[in-house]
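Here is the file target31.pdb (PDB, N, CA and C atoms, pLDDT in the B column).
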```
ATOM      1  N   LYS A1322      70.535  83.013  65.998  1.00 62.00           N
ATOM      2  CA  LYS A1322      70.286  81.785  66.726  1.00 62.00           C
ATOM      3  C   LYS A1322      71.480  81.477  67.610  1.00 62.00           C
ATOM      4  N   GLY A1323      71.443  81.958  68.816  1.00 75.00           N
ATOM      5  CA  GLY A1323      72.532  81.715  69.744  1.00 75.00           C
ATOM      6  C   GLY A1323      73.451  82.910  69.867  1.00 75.00           C
ATOM      7  N   VAL A1324      74.012  83.046  71.046  1.00 85.00           N
ATOM      8  CA  VAL A1324      74.953  84.130  71.318  1.00 85.00           C
ATOM      9  C   VAL A1324      76.356  83.549  71.320  1.00 85.00           C
ATOM     10  N   PRO A1325      77.259  84.101  70.507  1.00 87.00           N
ATOM     11  CA  PRO A1325      78.634  83.608  70.541  1.00 87.00           C
ATOM     12  C   PRO A1325      79.259  83.885  71.905  1.00 87.00           C
ATOM     13  N   ARG A1326      79.860  82.908  72.493  1.00 90.00           N
ATOM     14  CA  ARG A1326      80.434  83.044  73.829  1.00 90.00           C
ATOM     15  C   ARG A1326      81.951  83.164  73.761  1.00 90.00           C
ATOM     16  N   ARG A1327      82.506  83.804  74.777  1.00 93.00           N
ATOM     17  CA  ARG A1327      83.957  83.977  74.868  1.00 93.00           C
ATOM     18  C   ARG A1327      84.640  82.620  74.757  1.00 93.00           C
ATOM     19  N   GLY A1328      85.638  82.554  73.905  1.00 93.00           N
ATOM     20  CA  GLY A1328      86.391  81.322  73.713  1.00 93.00           C
ATOM     21  C   GLY A1328      85.887  80.448  72.585  1.00 93.00           C
ATOM     22  N   ALA A1329      84.698  80.753  72.036  1.00 92.00           N
ATOM     23  CA  ALA A1329      84.160  79.959  70.932  1.00 92.00           C
ATOM     24  C   ALA A1329      85.084  80.074  69.721  1.00 92.00           C
ATOM     25  N   ARG A1330      85.255  78.982  69.011  1.00 93.00           N
ATOM     26  CA  ARG A1330      86.136  78.978  67.842  1.00 93.00           C
ATOM     27  C   ARG A1330      85.465  79.653  66.652  1.00 93.00           C
ATOM     28  N   VAL A1331      86.292  80.327  65.838  1.00 94.00           N
ATOM     29  CA  VAL A1331      85.842  81.002  64.619  1.00 94.00           C
ATOM     30  C   VAL A1331      86.721  80.511  63.477  1.00 94.00           C
ATOM     31  N   LYS A1332      86.097  80.127  62.353  1.00 93.00           N
ATOM     32  CA  LYS A1332      86.838  79.692  61.166  1.00 93.00           C
ATOM     33  C   LYS A1332      86.471  80.592  59.995  1.00 93.00           C
ATOM     34  N   LEU A1333      87.490  81.030  59.260  1.00 92.00           N
ATOM     35  CA  LEU A1333      87.280  81.789  58.032  1.00 92.00           C
ATOM     36  C   LEU A1333      87.544  80.877  56.840  1.00 92.00           C
ATOM     37  N   ALA A1334      86.991  81.249  55.681  1.00 82.00           N
ATOM     38  CA  ALA A1334      87.158  80.444  54.473  1.00 82.00           C
ATOM     39  C   ALA A1334      88.628  80.283  54.097  1.00 82.00           C
ATOM     40  N   GLU A1335      89.440  81.288  54.407  1.00 78.00           N
ATOM     41  CA  GLU A1335      90.859  81.255  54.050  1.00 78.00           C
ATOM     42  C   GLU A1335      91.659  80.306  54.939  1.00 78.00           C
ATOM     43  N   GLY A1336      91.011  79.650  55.892  1.00 84.00           N
ATOM     44  CA  GLY A1336      91.690  78.726  56.777  1.00 84.00           C
ATOM     45  C   GLY A1336      92.150  79.341  58.085  1.00 84.00           C
ATOM     46  N   TYR A1337      91.985  80.641  58.252  1.00 86.00           N
ATOM     47  CA  TYR A1337      92.380  81.328  59.480  1.00 86.00           C
ATOM     48  C   TYR A1337      91.415  80.938  60.592  1.00 86.00           C
ATOM     49  N   THR A1338      91.927  80.656  61.774  1.00 90.00           N
ATOM     50  CA  THR A1338      91.068  80.368  62.925  1.00 90.00           C
ATOM     51  C   THR A1338      91.450  81.271  64.094  1.00 90.00           C
ATOM     52  N   THR A1339      90.467  81.622  64.891  1.00 93.00           N
ATOM     53  CA  THR A1339      90.666  82.453  66.072  1.00 93.00           C
ATOM     54  C   THR A1339      89.578  82.099  67.073  1.00 93.00           C
ATOM     55  N   ARG A1340      89.422  82.907  68.102  1.00 95.00           N
ATOM     56  CA  ARG A1340      88.378  82.671  69.104  1.00 95.00           C
ATOM     57  C   ARG A1340      87.632  83.963  69.401  1.00 95.00           C
ATOM     58  N   ILE A1341      86.383  83.830  69.815  1.00 95.00           N
ATOM     59  CA  ILE A1341      85.573  84.976  70.225  1.00 95.00           C
ATOM     60  C   ILE A1341      86.175  85.552  71.508  1.00 95.00           C
ATOM     61  N   THR A1342      86.332  86.889  71.557  1.00 96.00           N
ATOM     62  CA  THR A1342      86.843  87.530  72.776  1.00 96.00           C
ATOM     63  C   THR A1342      85.706  87.937  73.700  1.00 96.00           C
ATOM     64  N   SER A1343      84.536  88.261  73.129  1.00 95.00           N
ATOM     65  CA  SER A1343      83.346  88.550  73.935  1.00 95.00           C
ATOM     66  C   SER A1343      82.122  88.430  73.045  1.00 95.00           C
ATOM     67  N   GLY A1344      80.973  88.146  73.661  1.00 93.00           N
ATOM     68  CA  GLY A1344      79.733  88.010  72.916  1.00 93.00           C
ATOM     69  C   GLY A1344      78.558  88.427  73.770  1.00 93.00           C
ATOM     70  N   VAL A1345      77.512  88.917  73.119  1.00 92.00           N
ATOM     71  CA  VAL A1345      76.341  89.420  73.828  1.00 92.00           C
ATOM     72  C   VAL A1345      75.144  89.380  72.877  1.00 92.00           C
ATOM     73  N   TYR A1346      73.941  89.391  73.426  1.00 92.00           N
ATOM     74  CA  TYR A1346      72.725  89.505  72.622  1.00 92.00           C
ATOM     75  C   TYR A1346      72.394  90.980  72.465  1.00 92.00           C
ATOM     76  N   SER A1347      72.093  91.409  71.241  1.00 88.00           N
ATOM     77  CA  SER A1347      71.710  92.792  70.973  1.00 88.00           C
ATOM     78  C   SER A1347      70.205  92.880  70.771  1.00 88.00           C
ATOM     79  N   PRO A1348      69.474  93.532  71.693  1.00 90.00           N
ATOM     80  CA  PRO A1348      68.038  93.710  71.490  1.00 90.00           C
ATOM     81  C   PRO A1348      67.742  94.593  70.274  1.00 90.00           C
ATOM     82  N   LEU A1349      68.618  95.556  69.988  1.00 84.00           N
ATOM     83  CA  LEU A1349      68.427  96.439  68.838  1.00 84.00           C
ATOM     84  C   LEU A1349      68.481  95.655  67.528  1.00 84.00           C
ATOM     85  N   LEU A1350      69.464  94.772  67.414  1.00 84.00           N
ATOM     86  CA  LEU A1350      69.627  93.983  66.191  1.00 84.00           C
ATOM     87  C   LEU A1350      68.870  92.661  66.240  1.00 84.00           C
ATOM     88  N   ARG A1351      68.403  92.294  67.432  1.00 88.00           N
ATOM     89  CA  ARG A1351      67.718  91.009  67.644  1.00 88.00           C
ATOM     90  C   ARG A1351      68.583  89.844  67.177  1.00 88.00           C
ATOM     91  N   ALA A1352      69.850  89.910  67.581  1.00 87.00           N
ATOM     92  CA  ALA A1352      70.811  88.880  67.183  1.00 87.00           C
ATOM     93  C   ALA A1352      71.969  88.859  68.166  1.00 87.00           C
ATOM     94  N   GLY A1353      72.694  87.772  68.163  1.00 89.00           N
ATOM     95  CA  GLY A1353      73.910  87.692  68.955  1.00 89.00           C
ATOM     96  C   GLY A1353      75.044  88.395  68.233  1.00 89.00           C
ATOM     97  N   ILE A1354      75.912  89.050  68.995  1.00 91.00           N
ATOM     98  CA  ILE A1354      77.079  89.736  68.447  1.00 91.00           C
ATOM     99  C   ILE A1354      78.306  89.154  69.122  1.00 91.00           C
ATOM    100  N   GLY A1355      79.298  88.812  68.326  1.00 91.00           N
ATOM    101  CA  GLY A1355      80.553  88.320  68.875  1.00 91.00           C
ATOM    102  C   GLY A1355      81.705  89.155  68.359  1.00 91.00           C
ATOM    103  N   PHE A1356      82.695  89.369  69.208  1.00 93.00           N
ATOM    104  CA  PHE A1356      83.884  90.121  68.826  1.00 93.00           C
ATOM    105  C   PHE A1356      85.077  89.178  68.813  1.00 93.00           C
ATOM    106  N   ALA A1357      85.913  89.303  67.774  1.00 93.00           N
ATOM    107  CA  ALA A1357      87.110  88.469  67.656  1.00 93.00           C
ATOM    108  C   ALA A1357      88.180  89.255  66.911  1.00 93.00           C
ATOM    109  N   TYR A1358      89.432  88.941  67.181  1.00 92.00           N
ATOM    110  CA  TYR A1358      90.531  89.538  66.425  1.00 92.00           C
ATOM    111  C   TYR A1358      90.645  88.801  65.097  1.00 92.00           C
ATOM    112  N   LEU A1359      90.536  89.558  64.000  1.00 91.00           N
ATOM    113  CA  LEU A1359      90.596  88.989  62.655  1.00 91.00           C
ATOM    114  C   LEU A1359      91.616  89.755  61.826  1.00 91.00           C
ATOM    115  N   PRO A1360      92.090  89.160  60.726  1.00 89.00           N
ATOM    116  CA  PRO A1360      92.974  89.900  59.838  1.00 89.00           C
ATOM    117  C   PRO A1360      92.244  91.137  59.295  1.00 89.00           C
ATOM    118  N   PRO A1361      92.966  92.224  59.005  1.00 87.00           N
ATOM    119  CA  PRO A1361      92.323  93.463  58.548  1.00 87.00           C
ATOM    120  C   PRO A1361      91.497  93.295  57.278  1.00 87.00           C
ATOM    121  N   ASN A1362      91.864  92.364  56.418  1.00 86.00           N
ATOM    122  CA  ASN A1362      91.139  92.173  55.160  1.00 86.00           C
ATOM    123  C   ASN A1362      90.008  91.153  55.265  1.00 86.00           C
ATOM    124  N   ALA A1363      89.714  90.662  56.453  1.00 88.00           N
ATOM    125  CA  ALA A1363      88.652  89.657  56.632  1.00 88.00           C
ATOM    126  C   ALA A1363      87.293  90.263  56.293  1.00 88.00           C
ATOM    127  N   SER A1364      86.508  89.528  55.524  1.00 87.00           N
ATOM    128  CA  SER A1364      85.158  89.967  55.177  1.00 87.00           C
ATOM    129  C   SER A1364      84.347  88.745  54.780  1.00 87.00           C
ATOM    130  N   GLY A1365      83.047  88.943  54.663  1.00 89.00           N
ATOM    131  CA  GLY A1365      82.184  87.857  54.220  1.00 89.00           C
ATOM    132  C   GLY A1365      81.604  87.045  55.357  1.00 89.00           C
ATOM    133  N   ILE A1366      81.698  85.723  55.216  1.00 92.00           N
ATOM    134  CA  ILE A1366      81.066  84.794  56.146  1.00 92.00           C
ATOM    135  C   ILE A1366      82.132  83.988  56.891  1.00 92.00           C
ATOM    136  N   ALA A1367      81.888  83.759  58.160  1.00 92.00           N
ATOM    137  CA  ALA A1367      82.742  82.896  58.984  1.00 92.00           C
ATOM    138  C   ALA A1367      81.852  81.827  59.604  1.00 92.00           C
ATOM    139  N   LEU A1368      82.465  80.838  60.195  1.00 92.00           N
ATOM    140  CA  LEU A1368      81.743  79.834  60.971  1.00 92.00           C
ATOM    141  C   LEU A1368      82.121  80.011  62.432  1.00 92.00           C
ATOM    142  N   VAL A1369      81.119  79.992  63.314  1.00 91.00           N
ATOM    143  CA  VAL A1369      81.344  80.129  64.752  1.00 91.00           C
ATOM    144  C   VAL A1369      80.782  78.889  65.433  1.00 91.00           C
ATOM    145  N   GLU A1370      81.567  78.303  66.315  1.00 88.00           N
ATOM    146  CA  GLU A1370      81.122  77.126  67.063  1.00 88.00           C
ATOM    147  C   GLU A1370      80.304  77.600  68.263  1.00 88.00           C
ATOM    148  N   VAL A1371      78.988  77.398  68.208  1.00 84.00           N
ATOM    149  CA  VAL A1371      78.109  77.867  69.286  1.00 84.00           C
ATOM    150  C   VAL A1371      78.006  76.854  70.428  1.00 84.00           C
ATOM    151  N   ARG A1372      78.209  75.597  70.112  1.00 83.00           N
ATOM    152  CA  ARG A1372      78.313  74.515  71.093  1.00 83.00           C
ATOM    153  C   ARG A1372      79.296  73.517  70.508  1.00 83.00           C
ATOM    154  N   THR A1373      79.827  72.650  71.316  1.00 85.00           N
ATOM    155  CA  THR A1373      80.798  71.682  70.821  1.00 85.00           C
ATOM    156  C   THR A1373      80.232  70.921  69.627  1.00 85.00           C
ATOM    157  N   GLY A1374      80.875  71.072  68.490  1.00 87.00           N
ATOM    158  CA  GLY A1374      80.459  70.387  67.274  1.00 87.00           C
ATOM    159  C   GLY A1374      79.316  71.035  66.520  1.00 87.00           C
ATOM    160  N   VAL A1375      78.752  72.138  67.021  1.00 88.00           N
ATOM    161  CA  VAL A1375      77.635  72.824  66.354  1.00 88.00           C
ATOM    162  C   VAL A1375      78.137  74.172  65.840  1.00 88.00           C
ATOM    163  N   TRP A1376      78.144  74.320  64.526  1.00 91.00           N
ATOM    164  CA  TRP A1376      78.669  75.530  63.887  1.00 91.00           C
ATOM    165  C   TRP A1376      77.545  76.326  63.247  1.00 91.00           C
ATOM    166  N   ARG A1377      77.650  77.638  63.305  1.00 90.00           N
ATOM    167  CA  ARG A1377      76.669  78.545  62.690  1.00 90.00           C
ATOM    168  C   ARG A1377      77.407  79.535  61.802  1.00 90.00           C
ATOM    169  N   ARG A1378      76.726  79.955  60.754  1.00 91.00           N
ATOM    170  CA  ARG A1378      77.281  80.991  59.878  1.00 91.00           C
ATOM    171  C   ARG A1378      77.199  82.337  60.579  1.00 91.00           C
ATOM    172  N   ALA A1379      78.212  83.159  60.365  1.00 91.00           N
ATOM    173  CA  ALA A1379      78.248  84.498  60.951  1.00 91.00           C
ATOM    174  C   ALA A1379      78.761  85.469  59.895  1.00 91.00           C
ATOM    175  N   GLU A1380      78.186  86.648  59.872  1.00 91.00           N
ATOM    176  CA  GLU A1380      78.621  87.681  58.940  1.00 91.00           C
ATOM    177  C   GLU A1380      79.709  88.525  59.598  1.00 91.00           C
ATOM    178  N   ILE A1381      80.778  88.778  58.861  1.00 91.00           N
ATOM    179  CA  ILE A1381      81.866  89.623  59.362  1.00 91.00           C
ATOM    180  C   ILE A1381      81.582  91.059  58.938  1.00 91.00           C
ATOM    181  N   VAL A1382      81.451  91.941  59.913  1.00 87.00           N
ATOM    182  CA  VAL A1382      81.202  93.359  59.627  1.00 87.00           C
ATOM    183  C   VAL A1382      82.119  94.214  60.499  1.00 87.00           C
ATOM    184  N   LYS A1383      82.392  95.421  60.010  1.00 82.00           N
ATOM    185  CA  LYS A1383      83.190  96.363  60.798  1.00 82.00           C
ATOM    186  C   LYS A1383      82.244  97.284  61.543  1.00 82.00           C
ATOM    187  N   PRO A1384      82.567  97.630  62.799  1.00 78.00           N
ATOM    188  CA  PRO A1384      81.702  98.544  63.551  1.00 78.00           C
ATOM    189  C   PRO A1384      81.770  99.950  62.968  1.00 78.00           C
ATOM    190  N   PRO A1385      80.750 100.758  63.127  1.00 80.00           N
ATOM    191  CA  PRO A1385      79.480 100.417  63.774  1.00 80.00           C
ATOM    192  C   PRO A1385      78.618  99.576  62.835  1.00 80.00           C
ATOM    193  N   PHE A1386      77.860  98.653  63.373  1.00 73.00           N
ATOM    194  CA  PHE A1386      77.051  97.747  62.564  1.00 73.00           C
ATOM    195  C   PHE A1386      75.564  97.926  62.820  1.00 73.00           C
ATOM    196  N   TYR A1387      75.193  99.125  63.198  1.00 72.00           N
ATOM    197  CA  TYR A1387      73.786  99.454  63.412  1.00 72.00           C
ATOM    198  C   TYR A1387      73.542 100.839  62.822  1.00 72.00           C
ATOM    199  N   PRO A1388      72.306 101.149  62.426  1.00 73.00           N
ATOM    200  CA  PRO A1388      72.022 102.474  61.858  1.00 73.00           C
ATOM    201  C   PRO A1388      72.115 103.555  62.929  1.00 73.00           C
ATOM    202  N   LYS A1389      72.761 104.660  62.588  1.00 76.00           N
ATOM    203  CA  LYS A1389      72.862 105.770  63.534  1.00 76.00           C
ATOM    204  C   LYS A1389      71.527 106.491  63.621  1.00 76.00           C
ATOM    205  N   ARG A1390      71.174 106.886  64.834  1.00 74.00           N
ATOM    206  CA  ARG A1390      69.934 107.644  65.035  1.00 74.00           C
ATOM    207  C   ARG A1390      70.186 109.110  64.725  1.00 74.00           C
ATOM    208  N   SER A1391      69.196 109.740  64.137  1.00 64.00           N
ATOM    209  CA  SER A1391      69.343 111.176  63.884  1.00 64.00           C
ATOM    210  C   SER A1391      68.940 111.940  65.144  1.00 64.00           C
ATOM    211  N   PRO A1392      69.600 113.081  65.403  1.00 65.00           N
ATOM    212  CA  PRO A1392      69.318 113.837  66.641  1.00 65.00           C
ATOM    213  C   PRO A1392      67.940 114.430  66.704  1.00 65.00           C
TER
END
```

Give the structure from this file in structure tokens form.
Amino acid sequence: KGVPRRGARVKLAEGYTTRITSGVYSPLLRAGIGFAYLPPNASGIALVEVRTGVWRRAEIVKPPFYPKRSP
């Protein structure tokens, strides 16, 4: 629900905050994807501000985050 946009705030449960560096809609995943610099041990759920004052849950995953196609 919504595409994370560049500059959007990201909050982790540990209190770490950062911003989205880029975001796009993925037709393959049928979801918005956002990229942000996070601590190496970051995992689980984060909150992303999709509009001023509107926060959405986001899953933290390491790339690649889609199934590889077989040749």

Item to complete: Starting from the displayed file, determine the output of the PyMOL selection byres (((chain A and resi 1380 and name CA) around 8) and name CA) and express the residue list as a ChimeraX atom specification.
Response: /A:1364-1367,1378-1379,1381-1382

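Computed from the coordinates, the atom C of Arg1351 in chain A to atom N of Val1369 in chain A distance equals 16.4 Å.
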
Worksheet item: Please, what distance in Å, to one decimal, runs between atom N of Ala1352 in chain A and CA of Thr1373 in chain A?
Response: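 Rounded to one decimal, the two atoms are 21.5 Å apart.
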
Item to complete: For atom N of Gly1336 in chain A and atom N of Ala1357 in chain A, determine how far apart the two atoms are, in Å to one decimal place.
Response: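 Computing it gives 16.1 Å between the two atoms.
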
Item to complete: Specify as a list of chain:residue names each residue included when the PyMOL selection byres ((chain A and resi 1343) around 6.5) is applied to this file.
Response: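 Expected selection for the PyMOL selection byres ((chain A and resi 1343) around 6.5) here is A:Pro1325, A:Arg1326, A:Arg1327, A:Gly1328, A:Arg1340, A:Ile1341, A:Thr1342, A:Gly1344, A:Val1345, A:Ile1354, A:Gly1355, A:Phe1356, A:Ala1357.
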
Worksheet item: Between A:Trp1376, A:Arg1390, A:Lys1383, A:Val1371, which has the minimum distance to Ala1329 in chain A (counting all atoms listed in the file)?
Response: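 Between A:Trp1376, A:Arg1390, A:Lys1383, A:Val1371, the residue approaching Ala1329 in chain A most closely is A:Val1371.
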
Item to complete: Please return as number ranges by chain: the residues of chain A that backbone DSSP assigns to strand (DSSP E or B).
Response: A: 1330-1333, 1338-1347, 1352-1357, 1365-1372, 1375-1381

Go ahead and dump the residues you just picked, N, CA and C atoms, as a short mmCIF file (atom, residue, chain, number, x, y, z; two decimals), in the frame of the given file.
```cif
data_model
loop_
_atom_site.label_atom_id
_atom_site.label_comp_id
_atom_site.auth_asym_id
_atom_site.auth_seq_id
_atom_site.Cartn_x
_atom_site.Cartn_y
_atom_site.Cartn_z
N ARG A 1330 85.26 78.98 69.01
CA ARG A 1330 86.14 78.98 67.84
C ARG A 1330 85.46 79.65 66.65
N VAL A 1331 86.29 80.33 65.84
CA VAL A 1331 85.84 81.00 64.62
C VAL A 1331 86.72 80.51 63.48
N LYS A 1332 86.10 80.13 62.35
CA LYS A 1332 86.84 79.69 61.17
C LYS A 1332 86.47 80.59 60.00
N LEU A 1333 87.49 81.03 59.26
CA LEU A 1333 87.28 81.79 58.03
C LEU A 1333 87.54 80.88 56.84
N THR A 1338 91.93 80.66 61.77
CA THR A 1338 91.07 80.37 62.92
C THR A 1338 91.45 81.27 64.09
N THR A 1339 90.47 81.62 64.89
CA THR A 1339 90.67 82.45 66.07
C THR A 1339 89.58 82.10 67.07
N ARG A 1340 89.42 82.91 68.10
CA ARG A 1340 88.38 82.67 69.10
C ARG A 1340 87.63 83.96 69.40
N ILE A 1341 86.38 83.83 69.82
CA ILE A 1341 85.57 84.98 70.22
C ILE A 1341 86.18 85.55 71.51
N THR A 1342 86.33 86.89 71.56
CA THR A 1342 86.84 87.53 72.78
C THR A 1342 85.71 87.94 73.70
N SER A 1343 84.54 88.26 73.13
CA SER A 1343 83.35 88.55 73.94
C SER A 1343 82.12 88.43 73.04
N GLY A 1344 80.97 88.15 73.66
CA GLY A 1344 79.73 88.01 72.92
C GLY A 1344 78.56 88.43 73.77
N VAL A 1345 77.51 88.92 73.12
CA VAL A 1345 76.34 89.42 73.83
C VAL A 1345 75.14 89.38 72.88
N TYR A 1346 73.94 89.39 73.43
CA TYR A 1346 72.72 89.50 72.62
C TYR A 1346 72.39 90.98 72.46
N SER A 1347 72.09 91.41 71.24
CA SER A 1347 71.71 92.79 70.97
C SER A 1347 70.20 92.88 70.77
N ALA A 1352 69.85 89.91 67.58
CA ALA A 1352 70.81 88.88 67.18
C ALA A 1352 71.97 88.86 68.17
N GLY A 1353 72.69 87.77 68.16
CA GLY A 1353 73.91 87.69 68.96
C GLY A 1353 75.04 88.40 68.23
N ILE A 1354 75.91 89.05 69.00
CA ILE A 1354 77.08 89.74 68.45
C ILE A 1354 78.31 89.15 69.12
N GLY A 1355 79.30 88.81 68.33
CA GLY A 1355 80.55 88.32 68.88
C GLY A 1355 81.70 89.16 68.36
N PHE A 1356 82.70 89.37 69.21
CA PHE A 1356 83.88 90.12 68.83
C PHE A 1356 85.08 89.18 68.81
N ALA A 1357 85.91 89.30 67.77
CA ALA A 1357 87.11 88.47 67.66
C ALA A 1357 88.18 89.26 66.91
N GLY A 1365 83.05 88.94 54.66
CA GLY A 1365 82.18 87.86 54.22
C GLY A 1365 81.60 87.04 55.36
N ILE A 1366 81.70 85.72 55.22
CA ILE A 1366 81.07 84.79 56.15
C ILE A 1366 82.13 83.99 56.89
N ALA A 1367 81.89 83.76 58.16
CA ALA A 1367 82.74 82.90 58.98
C ALA A 1367 81.85 81.83 59.60
N LEU A 1368 82.46 80.84 60.20
CA LEU A 1368 81.74 79.83 60.97
C LEU A 1368 82.12 80.01 62.43
N VAL A 1369 81.12 79.99 63.31
CA VAL A 1369 81.34 80.13 64.75
C VAL A 1369 80.78 78.89 65.43
N GLU A 1370 81.57 78.30 66.32
CA GLU A 1370 81.12 77.13 67.06
C GLU A 1370 80.30 77.60 68.26
N VAL A 1371 78.99 77.40 68.21
CA VAL A 1371 78.11 77.87 69.29
C VAL A 1371 78.01 76.85 70.43
N ARG A 1372 78.21 75.60 70.11
CA ARG A 1372 78.31 74.52 71.09
C ARG A 1372 79.30 73.52 70.51
N VAL A 1375 78.75 72.14 67.02
CA VAL A 1375 77.64 72.82 66.35
C VAL A 1375 78.14 74.17 65.84
N TRP A 1376 78.14 74.32 64.53
CA TRP A 1376 78.67 75.53 63.89
C TRP A 1376 77.54 76.33 63.25
N ARG A 1377 77.65 77.64 63.30
CA ARG A 1377 76.67 78.54 62.69
C ARG A 1377 77.41 79.54 61.80
N ARG A 1378 76.73 79.96 60.75
CA ARG A 1378 77.28 80.99 59.88
C ARG A 1378 77.20 82.34 60.58
N ALA A 1379 78.21 83.16 60.36
CA ALA A 1379 78.25 84.50 60.95
C ALA A 1379 78.76 85.47 59.90
N GLU A 1380 78.19 86.65 59.87
CA GLU A 1380 78.62 87.68 58.94
C GLU A 1380 79.71 88.52 59.60
N ILE A 1381 80.78 88.78 58.86
CA ILE A 1381 81.87 89.62 59.36
C ILE A 1381 81.58 91.06 58.94
#
```

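If only N, CA and C atoms are the atoms counted, then among A:Val1375, A:Leu1349, A:Leu1368, A:Thr1339 the closest residue to Tyr1387 in chain A is A:Leu1349.
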